file query25.cif (mmCIF, C-alpha atoms and all ligand atoms)
data_upload
#
loop_
_atom_site.label_atom_id
_atom_site.label_comp_id
_atom_site.auth_asym_id
_atom_site.auth_seq_id
_atom_site.Cartn_x
_atom_site.Cartn_y
_atom_site.Cartn_z
CA MET A 254 5.49 -9.96 27.61
CA PRO A 255 3.22 -8.51 24.92
CA LYS A 256 -0.47 -8.95 25.60
CA SER A 257 -1.02 -11.13 22.53
CA LYS A 258 1.67 -13.55 23.69
CA ALA A 259 0.14 -13.84 27.15
CA ILE A 260 -3.27 -14.57 25.63
CA LEU A 261 -1.85 -17.13 23.20
CA ASN A 262 -0.09 -18.88 26.08
CA ARG A 263 -3.37 -19.05 27.93
CA PHE A 264 -5.15 -20.51 24.87
CA ARG A 265 -2.39 -23.09 24.57
CA SER A 266 -2.61 -24.14 28.19
CA ASP A 267 -6.39 -24.44 27.78
CA GLY A 268 -5.65 -26.93 25.00
CA HIS A 269 -6.55 -24.74 22.00
CA ARG A 270 -4.58 -24.93 18.79
CA ILE A 271 -2.82 -21.77 17.73
CA THR A 272 -3.14 -21.38 13.99
CA LYS A 273 -1.61 -18.62 11.92
CA ALA A 274 -5.10 -17.21 11.40
CA ARG A 275 -5.91 -17.26 15.12
CA GLU A 276 -2.66 -15.58 16.06
CA ASN A 277 -2.99 -12.85 13.42
CA ILE A 278 -6.67 -12.17 14.08
CA LEU A 279 -5.90 -11.76 17.77
CA LYS A 280 -3.05 -9.35 17.01
CA ILE A 281 -5.23 -7.28 14.66
CA PHE A 282 -7.97 -6.90 17.28
CA LEU A 283 -5.51 -5.97 20.01
CA ALA A 284 -3.83 -3.39 17.79
CA SER A 285 -7.01 -1.83 16.43
CA THR A 286 -8.17 1.32 18.20
CA VAL A 287 -11.62 1.21 16.59
CA PRO A 288 -14.27 -1.49 16.12
CA ILE A 289 -13.92 -3.38 12.83
CA SER A 290 -16.24 -5.54 10.75
CA ALA A 291 -15.45 -9.07 9.58
CA ALA A 292 -14.72 -7.67 6.10
CA GLU A 293 -12.30 -5.11 7.52
CA LEU A 294 -10.65 -7.82 9.54
CA ASN A 295 -10.23 -9.80 6.34
CA SER A 296 -8.52 -6.88 4.56
CA CYS A 297 -6.13 -6.56 7.49
CA LEU A 298 -5.30 -10.26 7.19
CA VAL A 299 -4.66 -9.89 3.47
CA THR A 300 -2.13 -7.10 4.12
CA VAL A 301 -0.14 -9.45 6.36
CA ASN A 302 -0.44 -12.23 3.77
CA VAL A 303 -2.76 -14.43 5.75
CA ILE A 304 -5.45 -15.74 3.43
CA VAL A 305 -8.39 -17.40 5.17
CA ASN A 306 -11.96 -18.15 4.13
CA LYS A 307 -15.06 -16.51 5.57
CA THR A 308 -15.98 -19.54 7.67
CA THR A 309 -12.63 -19.40 9.44
CA ILE A 310 -12.99 -15.68 10.08
CA TYR A 311 -16.42 -16.10 11.67
CA ARG A 312 -15.26 -19.14 13.64
CA GLU A 313 -12.29 -17.20 15.01
CA ILE A 314 -14.47 -14.19 15.85
CA ASP A 315 -16.81 -16.51 17.76
CA PHE A 316 -13.90 -18.07 19.55
CA LEU A 317 -12.48 -14.71 20.66
CA LYS A 318 -15.97 -13.59 21.70
CA LYS A 319 -16.43 -16.66 23.89
CA LYS A 320 -13.03 -16.06 25.42
CA GLU A 321 -14.09 -12.46 26.11
CA ILE A 322 -11.13 -11.05 24.22
CA ILE A 323 -13.44 -9.13 21.89
CA ARG A 324 -17.04 -7.96 22.00
CA GLU A 325 -19.66 -7.49 19.35
CA LEU A 326 -21.16 -4.08 18.65
CA GLN A 327 -24.08 -3.15 16.50
CA PHE A 328 -24.83 0.41 15.52
CA GLY A 329 -27.66 2.09 13.63
CA ASP A 330 -26.43 0.83 10.27
CA GLY A 331 -27.11 -2.75 11.36
CA LYS A 332 -23.56 -3.88 10.60
CA LYS A 333 -21.80 -5.99 13.17
CA ARG A 334 -18.45 -4.81 14.35
CA PHE A 335 -16.03 -6.15 16.88
CA GLU A 336 -13.53 -4.57 19.19
CA LYS A 337 -11.22 -5.81 21.92
CA TRP A 338 -12.79 -5.78 25.37
CA PRO A 339 -12.09 -2.24 26.51
CA ASP A 340 -10.06 -1.52 29.63
CA ASN A 341 -12.19 1.57 30.07
CA HIS A 342 -15.92 1.93 29.73
CA HIS A 343 -16.50 4.05 26.64
CA HIS A 344 -18.94 5.10 23.94
CA HIS A 345 -18.87 5.50 20.19
CA LEU A 346 -19.21 8.20 17.61
CA VAL A 347 -20.55 6.79 14.38
CA CYS A 348 -20.41 8.66 11.06
CA ILE A 349 -23.58 7.99 9.09
CA SER A 350 -21.88 8.92 5.84
CA CYS A 351 -18.56 7.05 5.74
CA ASP A 352 -19.20 4.49 8.51
CA SER A 353 -16.12 5.54 10.44
CA ILE A 354 -16.25 4.98 14.17
CA GLU A 355 -14.42 6.54 17.06
CA CYS A 356 -14.25 5.33 20.64
CA ILE A 357 -14.79 8.12 23.14
CA GLU A 358 -14.77 8.41 26.89
CA LEU A 359 -17.33 10.70 28.47
CA ASP A 360 -16.69 12.85 31.47
CA GLY A 361 -18.05 11.73 34.83
CA CYS A 362 -21.15 13.88 34.55
CA LEU A 363 -22.86 12.02 31.73
CA GLU A 364 -21.77 8.67 33.11
CA ALA A 365 -23.34 9.59 36.45
CA GLU A 366 -26.52 10.58 34.65
CA GLU A 367 -26.64 7.21 32.91
CA SER A 368 -26.44 5.29 36.17
CA LYS A 369 -29.02 7.61 37.74
CA ILE A 370 -31.54 6.85 34.98
CA LEU A 371 -31.10 3.12 35.48
CA ARG A 372 -31.33 3.44 39.26
CA GLU A 373 -34.43 5.60 39.23
CA ASN A 374 -36.21 3.16 36.97
CA ASN A 375 -35.20 0.32 39.21
CA TYR A 376 -32.94 -1.30 36.67
CA LYS A 377 -30.01 -3.28 37.82
CA THR A 378 -27.18 -2.16 35.56
CA ILE A 379 -25.57 -4.97 33.67
CA ASN A 380 -24.21 -3.03 30.77
CA HIS A 381 -25.21 0.01 28.84
CA SER A 382 -24.23 1.54 25.57
CA LEU A 383 -24.70 4.98 24.15
CA GLU A 384 -23.79 5.91 20.64
CA PHE A 385 -23.74 9.22 18.87
CA GLU A 386 -24.51 9.28 15.17
CA GLY A 387 -23.53 12.15 12.96
CA LEU A 388 -21.12 13.32 10.32
CA CYS A 389 -17.40 13.04 10.97
CA GLY A 390 -14.89 15.80 10.35
CA LYS A 391 -14.19 14.55 6.82
CA CYS A 392 -17.84 14.20 5.84
CA ARG A 393 -19.37 17.37 7.12
ZN ZN A 401 -17.54 10.36 7.81
ZN ZN A 402 -14.94 1.20 21.27
ZN ZN A 403 -21.55 5.10 29.76
#
call {"tool": "encode", "arguments": {"input": "query25.cif", "output": "structure tokens"}}
result
Amino acid sequence: MPKSKAILNRFRSDGHRITKARENILKIFLASTVPISAAELNSCLVTVNVIVNKTTIYREIDFLKKKEIIRELQFGDGKKRFEKWPDNHHHHLVCISCDSIECIELDGCLEAEESKILRENNYKTINHSLEFEGLCGKCR
């Protein structure tokens, strides 16, 4: 069973209505390999002929956030973006010129260093994020 179908079944059994918008927004997030903004989500919806207003988009984003299907990310540009909850812990490369974003996994060494810093400063790790800002291949 595709992942989107399993999630929709779960929503249904929890008593949530499955609207065309909800179904398509879920599919877009699951299919996207990079974080997207609400505006980008809207353009994706338009290409599949699903026209919804801004309020609906933000309501659906909130809904998927609460259900822990997606998470919110904020980078140096202050824009909010959303991506599906990752199966693997990862980081982001952010292009300061064209706003493109890539998800990257670091090797064990830097990850170990991250946990060491938190441990040595007596921080209990809940979550951490580390982003790299620069110019992407197209912009440099
Ligand atoms: Zn760029
Ligand atoms: Zn990511
Ligand atoms: Zn990390």
call {"tool": "closest_residue", "arguments": {"input": "query25.cif", "among": "A:Ser350, A:Thr272, A:Tyr311, A:His381", "to": "Glu367 of chain A", "atoms": "only C-alpha atoms"}}
result
A:His381
call {"tool": "closest_residue", "arguments": {"input": "query25.cif", "among": "A:Phe328, A:Val301, A:Glu276, A:Cys351", "to": "Phe264 of chain A", "atoms": "only C-alpha atoms"}}
result
A:Glu276
call {"tool": "atom_distance", "arguments": {"input": "query25.cif", "atom1": "atom CA of Ser353 of chain A", "atom2": "atom CA of Lys280 of chain A"}}
result
20.9 Å
call {"tool": "residues_around", "arguments": {"input": "query25.cif", "residues": "Pro255 of chain A", "least_positions_apart": "4", "cutoff": "12 Å", "atoms": "all atoms listed in the file", "output": "tab-separated table (two decimals) with C-alpha atoms, keeping the file's coordinate frame"}}
result
chain	number	residue	atom	x	y	z
A	259	ALA	CA	0.14	-13.84	27.15
A	260	ILE	CA	-3.27	-14.57	25.63
A	261	LEU	CA	-1.85	-17.13	23.20
A	262	ASN	CA	-0.09	-18.88	26.08
A	280	LYS	CA	-3.05	-9.35	17.01
A	283	LEU	CA	-5.51	-5.97	20.01
A	284	ALA	CA	-3.83	-3.39	17.79
call {"tool": "residues_near_ligand", "arguments": {"input": "query25.cif", "ligand": "ligand ZN 402 (chain A)", "cutoff": "8 Å", "atoms": "all atoms listed in the file", "output": "JSON list (two decimals) with C-alpha atoms, keeping the file's coordinate frame"}}
result
[["chain", "number", "residue", "atom", "x", "y", "z"],
["A", 286, "THR", "CA", -8.17, 1.32, 18.20],
["A", 287, "VAL", "CA", -11.62, 1.21, 16.59],
["A", 288, "PRO", "CA", -14.27, -1.49, 16.12],
["A", 336, "GLU", "CA", -13.53, -4.57, 19.19],
["A", 337, "LYS", "CA", -11.22, -5.81, 21.92],
["A", 339, "PRO", "CA", -12.09, -2.24, 26.51],
["A", 343, "HIS", "CA", -16.50, 4.05, 26.64],
["A", 344, "HIS", "CA", -18.94, 5.10, 23.94],
["A", 345, "HIS", "CA", -18.87, 5.50, 20.19],
["A", 355, "GLU", "CA", -14.42, 6.54, 17.06],
["A", 356, "CYS", "CA", -14.25, 5.33, 20.64],
["A", 357, "ILE", "CA", -14.79, 8.12, 23.14]]
call {"tool": "closest_atom_pairs", "arguments": {"input": "query25.cif", "of": "chain A", "to": "ligand ZN 401 (chain A)", "cutoff": "8 Å", "atoms": "only C-alpha atoms and all ligand atoms", "output": "Markdown table"}}
result
| residue | atom | partner | partner_atom | distance |
| --- | --- | --- | --- | --- |
| A:Cys348 | CA | A:ZN401 | ZN | 4.7 |
| A:Ile349 | CA | A:ZN401 | ZN | 6.6 |
| A:Ser350 | CA | A:ZN401 | ZN | 5.0 |
| A:Cys351 | CA | A:ZN401 | ZN | 4.0 |
| A:Asp352 | CA | A:ZN401 | ZN | 6.1 |
| A:Ser353 | CA | A:ZN401 | ZN | 5.7 |
| A:Leu388 | CA | A:ZN401 | ZN | 5.3 |
| A:Cys389 | CA | A:ZN401 | ZN | 4.1 |
| A:Gly390 | CA | A:ZN401 | ZN | 6.6 |
| A:Lys391 | CA | A:ZN401 | ZN | 5.5 |
| A:Cys392 | CA | A:ZN401 | ZN | 4.3 |
| A:Arg393 | CA | A:ZN401 | ZN | 7.3 |
call {"tool": "closest_atom_pairs", "arguments": {"input": "query25.cif", "of": "chain A", "to": "ligand ZN 403 (chain A)", "cutoff": "12 Å", "atoms": "all atoms listed in the file", "output": "JSON lines"}}
result
{"residue": "A:Asn341", "atom": "CA", "partner": "A:ZN403", "partner_atom": "ZN", "distance": 10.0}
{"residue": "A:His342", "atom": "CA", "partner": "A:ZN403", "partner_atom": "ZN", "distance": 6.5}
{"residue": "A:His343", "atom": "CA", "partner": "A:ZN403", "partner_atom": "ZN", "distance": 6.0}
{"residue": "A:His344", "atom": "CA", "partner": "A:ZN403", "partner_atom": "ZN", "distance": 6.4}
{"residue": "A:His345", "atom": "CA", "partner": "A:ZN403", "partner_atom": "ZN", "distance": 9.9}
{"residue": "A:Cys356", "atom": "CA", "partner": "A:ZN403", "partner_atom": "ZN", "distance": 11.7}
{"residue": "A:Ile357", "atom": "CA", "partner": "A:ZN403", "partner_atom": "ZN", "distance": 9.9}
{"residue": "A:Glu358", "atom": "CA", "partner": "A:ZN403", "partner_atom": "ZN", "distance": 8.1}
{"residue": "A:Leu359", "atom": "CA", "partner": "A:ZN403", "partner_atom": "ZN", "distance": 7.1}
{"residue": "A:Asp360", "atom": "CA", "partner": "A:ZN403", "partner_atom": "ZN", "distance": 9.3}
{"residue": "A:Gly361", "atom": "CA", "partner": "A:ZN403", "partner_atom": "ZN", "distance": 9.1}
{"residue": "A:Cys362", "atom": "CA", "partner": "A:ZN403", "partner_atom": "ZN", "distance": 10.0}
{"residue": "A:Leu363", "atom": "CA", "partner": "A:ZN403", "partner_atom": "ZN", "distance": 7.3}
{"residue": "A:Glu364", "atom": "CA", "partner": "A:ZN403", "partner_atom": "ZN", "distance": 4.9}
{"residue": "A:Ala365", "atom": "CA", "partner": "A:ZN403", "partner_atom": "ZN", "distance": 8.3}
{"residue": "A:Glu366", "atom": "CA", "partner": "A:ZN403", "partner_atom": "ZN", "distance": 8.9}
{"residue": "A:Glu367", "atom": "CA", "partner": "A:ZN403", "partner_atom": "ZN", "distance": 6.3}
{"residue": "A:Ser368", "atom": "CA", "partner": "A:ZN403", "partner_atom": "ZN", "distance": 8.1}
{"residue": "A:Lys369", "atom": "CA", "partner": "A:ZN403", "partner_atom": "ZN", "distance": 11.2}
{"residue": "A:Ile370", "atom": "CA", "partner": "A:ZN403", "partner_atom": "ZN", "distance": 11.4}
{"residue": "A:Leu371", "atom": "CA", "partner": "A:ZN403", "partner_atom": "ZN", "distance": 11.3}
{"residue": "A:Thr378", "atom": "CA", "partner": "A:ZN403", "partner_atom": "ZN", "distance": 10.9}
{"residue": "A:Ile379", "atom": "CA", "partner": "A:ZN403", "partner_atom": "ZN", "distance": 11.5}
{"residue": "A:Asn380", "atom": "CA", "partner": "A:ZN403", "partner_atom": "ZN", "distance": 8.6}
{"residue": "A:His381", "atom": "CA", "partner": "A:ZN403", "partner_atom": "ZN", "distance": 6.3}
{"residue": "A:Ser382", "atom": "CA", "partner": "A:ZN403", "partner_atom": "ZN", "distance": 6.1}
{"residue": "A:Leu383", "atom": "CA", "partner": "A:ZN403", "partner_atom": "ZN", "distance": 6.4}
{"residue": "A:Glu384", "atom": "CA", "partner": "A:ZN403", "partner_atom": "ZN", "distance": 9.4}
{"residue": "A:Phe385", "atom": "CA", "partner": "A:ZN403", "partner_atom": "ZN", "distance": 11.8}
call {"tool": "atom_distance", "arguments": {"input": "query25.cif", "atom1": "atom CA of Asp315 of chain A", "atom2": "atom CA of Trp338 of chain A"}}
result
13.8 Å
call {"tool": "atom_distance", "arguments": {"input": "query25.cif", "atom1": "atom CA of Lys320 of chain A", "atom2": "atom CA of Ile304 of chain A"}}
result
23.3 Å
call {"tool": "closest_residue", "arguments": {"input": "query25.cif", "among": "A:Ile289, A:Asn277, A:Leu294, A:Lys319", "to": "Arg334 of chain A", "atoms": "all atoms listed in the file"}}
result
A:Ile289
call {"tool": "residues_around", "arguments": {"input": "query25.cif", "residues": "Ala291 of chain A", "least_positions_apart": "4", "cutoff": "10 Å", "atoms": "only C-alpha atoms", "output": "PyMOL selection string"}}
result
chain A and resi 295-297+307+310-311+314+332-335
call {"tool": "residues_around", "arguments": {"input": "query25.cif", "residues": "Val305 of chain A", "least_positions_apart": "4", "cutoff": "10 Å", "atoms": "all atoms listed in the file", "output": "list in words"}}
result
Lys273, Ala274, Asn295, Leu298, Val299, Thr309 and Ile310 of chain A
call {"tool": "closest_residue", "arguments": {"input": "query25.cif", "among": "A:Leu346, A:Ile278, A:Glu321, A:Phe316", "to": "Ser257 of chain A", "atoms": "all atoms listed in the file"}}
result
A:Ile278
call {"tool": "build_atoms", "arguments": {"input": "query25.cif", "residues": "segment 304-319 of chain A", "atoms": "N, CA, C and O atoms", "output": "PDB file, keeping the file's coordinate frame"}}
result
ATOM      1  N   ILE A 304      -4.236 -15.582   4.214  1.00  0.00           N
ATOM      2  CA  ILE A 304      -5.450 -15.740   3.430  1.00  0.00           C
ATOM      3  C   ILE A 304      -6.321 -16.829   4.079  1.00  0.00           C
ATOM      4  O   ILE A 304      -5.900 -17.977   4.176  1.00  0.00           O
ATOM      5  N   VAL A 305      -7.485 -16.429   4.544  1.00  0.00           N
ATOM      6  CA  VAL A 305      -8.390 -17.400   5.170  1.00  0.00           C
ATOM      7  C   VAL A 305      -9.793 -17.226   4.587  1.00  0.00           C
ATOM      8  O   VAL A 305     -10.136 -16.159   4.081  1.00  0.00           O
ATOM      9  N   ASN A 306     -10.599 -18.276   4.652  1.00  0.00           N
ATOM     10  CA  ASN A 306     -11.960 -18.150   4.130  1.00  0.00           C
ATOM     11  C   ASN A 306     -12.894 -17.560   5.190  1.00  0.00           C
ATOM     12  O   ASN A 306     -12.548 -17.456   6.366  1.00  0.00           O
ATOM     13  N   LYS A 307     -14.072 -17.178   4.698  1.00  0.00           N
ATOM     14  CA  LYS A 307     -15.060 -16.510   5.570  1.00  0.00           C
ATOM     15  C   LYS A 307     -15.417 -17.344   6.790  1.00  0.00           C
ATOM     16  O   LYS A 307     -15.553 -16.820   7.886  1.00  0.00           O
ATOM     17  N   THR A 308     -15.593 -18.653   6.563  1.00  0.00           N
ATOM     18  CA  THR A 308     -15.980 -19.540   7.670  1.00  0.00           C
ATOM     19  C   THR A 308     -14.969 -19.458   8.800  1.00  0.00           C
ATOM     20  O   THR A 308     -15.334 -19.374   9.973  1.00  0.00           O
ATOM     21  N   THR A 309     -13.693 -19.480   8.426  1.00  0.00           N
ATOM     22  CA  THR A 309     -12.630 -19.400   9.440  1.00  0.00           C
ATOM     23  C   THR A 309     -12.704 -18.081  10.183  1.00  0.00           C
ATOM     24  O   THR A 309     -12.601 -18.036  11.405  1.00  0.00           O
ATOM     25  N   ILE A 310     -12.907 -16.997   9.441  1.00  0.00           N
ATOM     26  CA  ILE A 310     -12.990 -15.680  10.080  1.00  0.00           C
ATOM     27  C   ILE A 310     -14.108 -15.659  11.116  1.00  0.00           C
ATOM     28  O   ILE A 310     -13.906 -15.263  12.257  1.00  0.00           O
ATOM     29  N   TYR A 311     -15.302 -16.128  10.724  1.00  0.00           N
ATOM     30  CA  TYR A 311     -16.420 -16.100  11.670  1.00  0.00           C
ATOM     31  C   TYR A 311     -16.196 -17.058  12.842  1.00  0.00           C
ATOM     32  O   TYR A 311     -16.566 -16.760  13.972  1.00  0.00           O
ATOM     33  N   ARG A 312     -15.543 -18.190  12.565  1.00  0.00           N
ATOM     34  CA  ARG A 312     -15.260 -19.140  13.640  1.00  0.00           C
ATOM     35  C   ARG A 312     -14.279 -18.513  14.647  1.00  0.00           C
ATOM     36  O   ARG A 312     -14.458 -18.615  15.854  1.00  0.00           O
ATOM     37  N   GLU A 313     -13.278 -17.827  14.128  1.00  0.00           N
ATOM     38  CA  GLU A 313     -12.290 -17.200  15.010  1.00  0.00           C
ATOM     39  C   GLU A 313     -12.894 -16.043  15.804  1.00  0.00           C
ATOM     40  O   GLU A 313     -12.574 -15.832  16.968  1.00  0.00           O
ATOM     41  N   ILE A 314     -13.779 -15.277  15.144  1.00  0.00           N
ATOM     42  CA  ILE A 314     -14.470 -14.190  15.850  1.00  0.00           C
ATOM     43  C   ILE A 314     -15.291 -14.758  16.999  1.00  0.00           C
ATOM     44  O   ILE A 314     -15.242 -14.268  18.122  1.00  0.00           O
ATOM     45  N   ASP A 315     -16.014 -15.852  16.712  1.00  0.00           N
ATOM     46  CA  ASP A 315     -16.810 -16.510  17.760  1.00  0.00           C
ATOM     47  C   ASP A 315     -15.942 -16.985  18.909  1.00  0.00           C
ATOM     48  O   ASP A 315     -16.302 -16.831  20.081  1.00  0.00           O
ATOM     49  N   PHE A 316     -14.825 -17.556  18.548  1.00  0.00           N
ATOM     50  CA  PHE A 316     -13.900 -18.070  19.550  1.00  0.00           C
ATOM     51  C   PHE A 316     -13.415 -16.940  20.465  1.00  0.00           C
ATOM     52  O   PHE A 316     -13.476 -17.039  21.690  1.00  0.00           O
ATOM     53  N   LEU A 317     -12.991 -15.840  19.860  1.00  0.00           N
ATOM     54  CA  LEU A 317     -12.480 -14.710  20.660  1.00  0.00           C
ATOM     55  C   LEU A 317     -13.591 -14.051  21.480  1.00  0.00           C
ATOM     56  O   LEU A 317     -13.364 -13.517  22.563  1.00  0.00           O
ATOM     57  N   LYS A 318     -14.829 -14.108  20.945  1.00  0.00           N
ATOM     58  CA  LYS A 318     -15.970 -13.590  21.700  1.00  0.00           C
ATOM     59  C   LYS A 318     -16.206 -14.436  22.945  1.00  0.00           C
ATOM     60  O   LYS A 318     -16.390 -13.918  24.041  1.00  0.00           O
ATOM     61  N   LYS A 319     -16.213 -15.744  22.754  1.00  0.00           N
ATOM     62  CA  LYS A 319     -16.430 -16.660  23.890  1.00  0.00           C
ATOM     63  C   LYS A 319     -15.352 -16.500  24.940  1.00  0.00           C
ATOM     64  O   LYS A 319     -15.604 -16.618  26.133  1.00  0.00           O
TER      65      LYS A 319
END
